[in-house]
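To start, the structure under review is shown below, and the notes come after it.
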Amino acid sequence: TILTTAACSDKKADPAKWTDDEVNNWFEKKEWLGGWNVSPDASVNKRNFAIYYHKNPRHWDQAFLFLKSANLKELPLGKQELEGVHLFVIVQEYYGKQKPDALYESHKKYIDIQYVIQGEEIMGLTTLDKVAVKTPYDEAKDIAFYDFDGGEYHKATPENFFIFLPEDVHRPSITTGDSILVKKIVVKIKIE
């Protein structure tokens, strides 16, 4: 009996071993959102997100609490540390780019939560096996850029947010066609 309980609790602690139903149930309950009332975009890989979340729930919870409780529309532009290099936010304001001017990118040290506070933009999403490196990975800036014109495209609005894990090659900041000023927050969570 003791072994059975230990095995079950080990399995429960490791989302990599969860069934698809267990992953979906955990994700759809949205307890991890801490009461923030914004929906994750359909592009979020639920299992991979659950794995990263359970490796470092404290910083994820802190990130979602900040998103829920801060007056996002009034946040000053620039970088604000929530917990040093482990957790910080960058607030930006800009007009979206034309598709050819927006490059795909990826990160190795940080996970992005990207949320459009005001306005709207298009986000491209693809995988590393489909892209060609344009600018090699810069460790100091934690970014690589890629050439690729395909992928899936999703609209980012104040009703949804995106989570970009290291395996998610993303193309943010594409204009929806109207010259709308976008205010966006990017929460950076260090992979630990």
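The way I read the labels, and the way they are meant: chains A, B, ... in the order of the structure tokens, residue 1 as the first residue of every chain, and ligand 1 as the first ligand shown, with later ones counted on from there.
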Exercise for the section: Can you pull out every residue within 12 Å of Ile111 of chain A, counting only C-alpha atoms, but drop anything in the same chain fewer than 4 positions away, and send it as a PyMOL selection string? Expected result: chain A and resi 48-49+52-53+56+59-60+63+86-89+106-107+142-143+162-170+186-192
Handout entry: Asp149 of chain A surroundings by only C-alpha atoms, 12 Å radius, close-in-sequence under 6 positions cut, as number ranges by chain
Key = A: 99-104, 124-126, 130-132, 170-171
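The space separating atom CA of Glu74 of chain A from atom CA of Glu93 of chain A comes to 11.9 Å.
Minimum atom-to-atom distance to Ser43 of chain A, evaluated using only C-alpha atoms, belongs to A:His154 out of A:Lys108, A:Lys79, A:His154, A:Lys141.
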Exercise for the section: Please return as a ChimeraX atom specification: the residues of chain A that backbone DSSP assigns to alpha helix (DSSP H). Expected result: /A:2-13,20-29,46-55,57-69
Problem - Per-residue DSSP, segment 16-183 of chain A, filtered to strand (DSSP E or B), as a PyMOL selection string - result: chain A and resi 39-40+78-83+85+87-95+97+104-106+110-118+121-126+132-138+143-147+152-156+160-164+169-174+181-183
Completion exercise
Tyr94 of chain A proximity check over A:Asn45, A:Thr157, A:Thr175, A:Ser69, using only C-alpha atoms: winner is A:Thr175
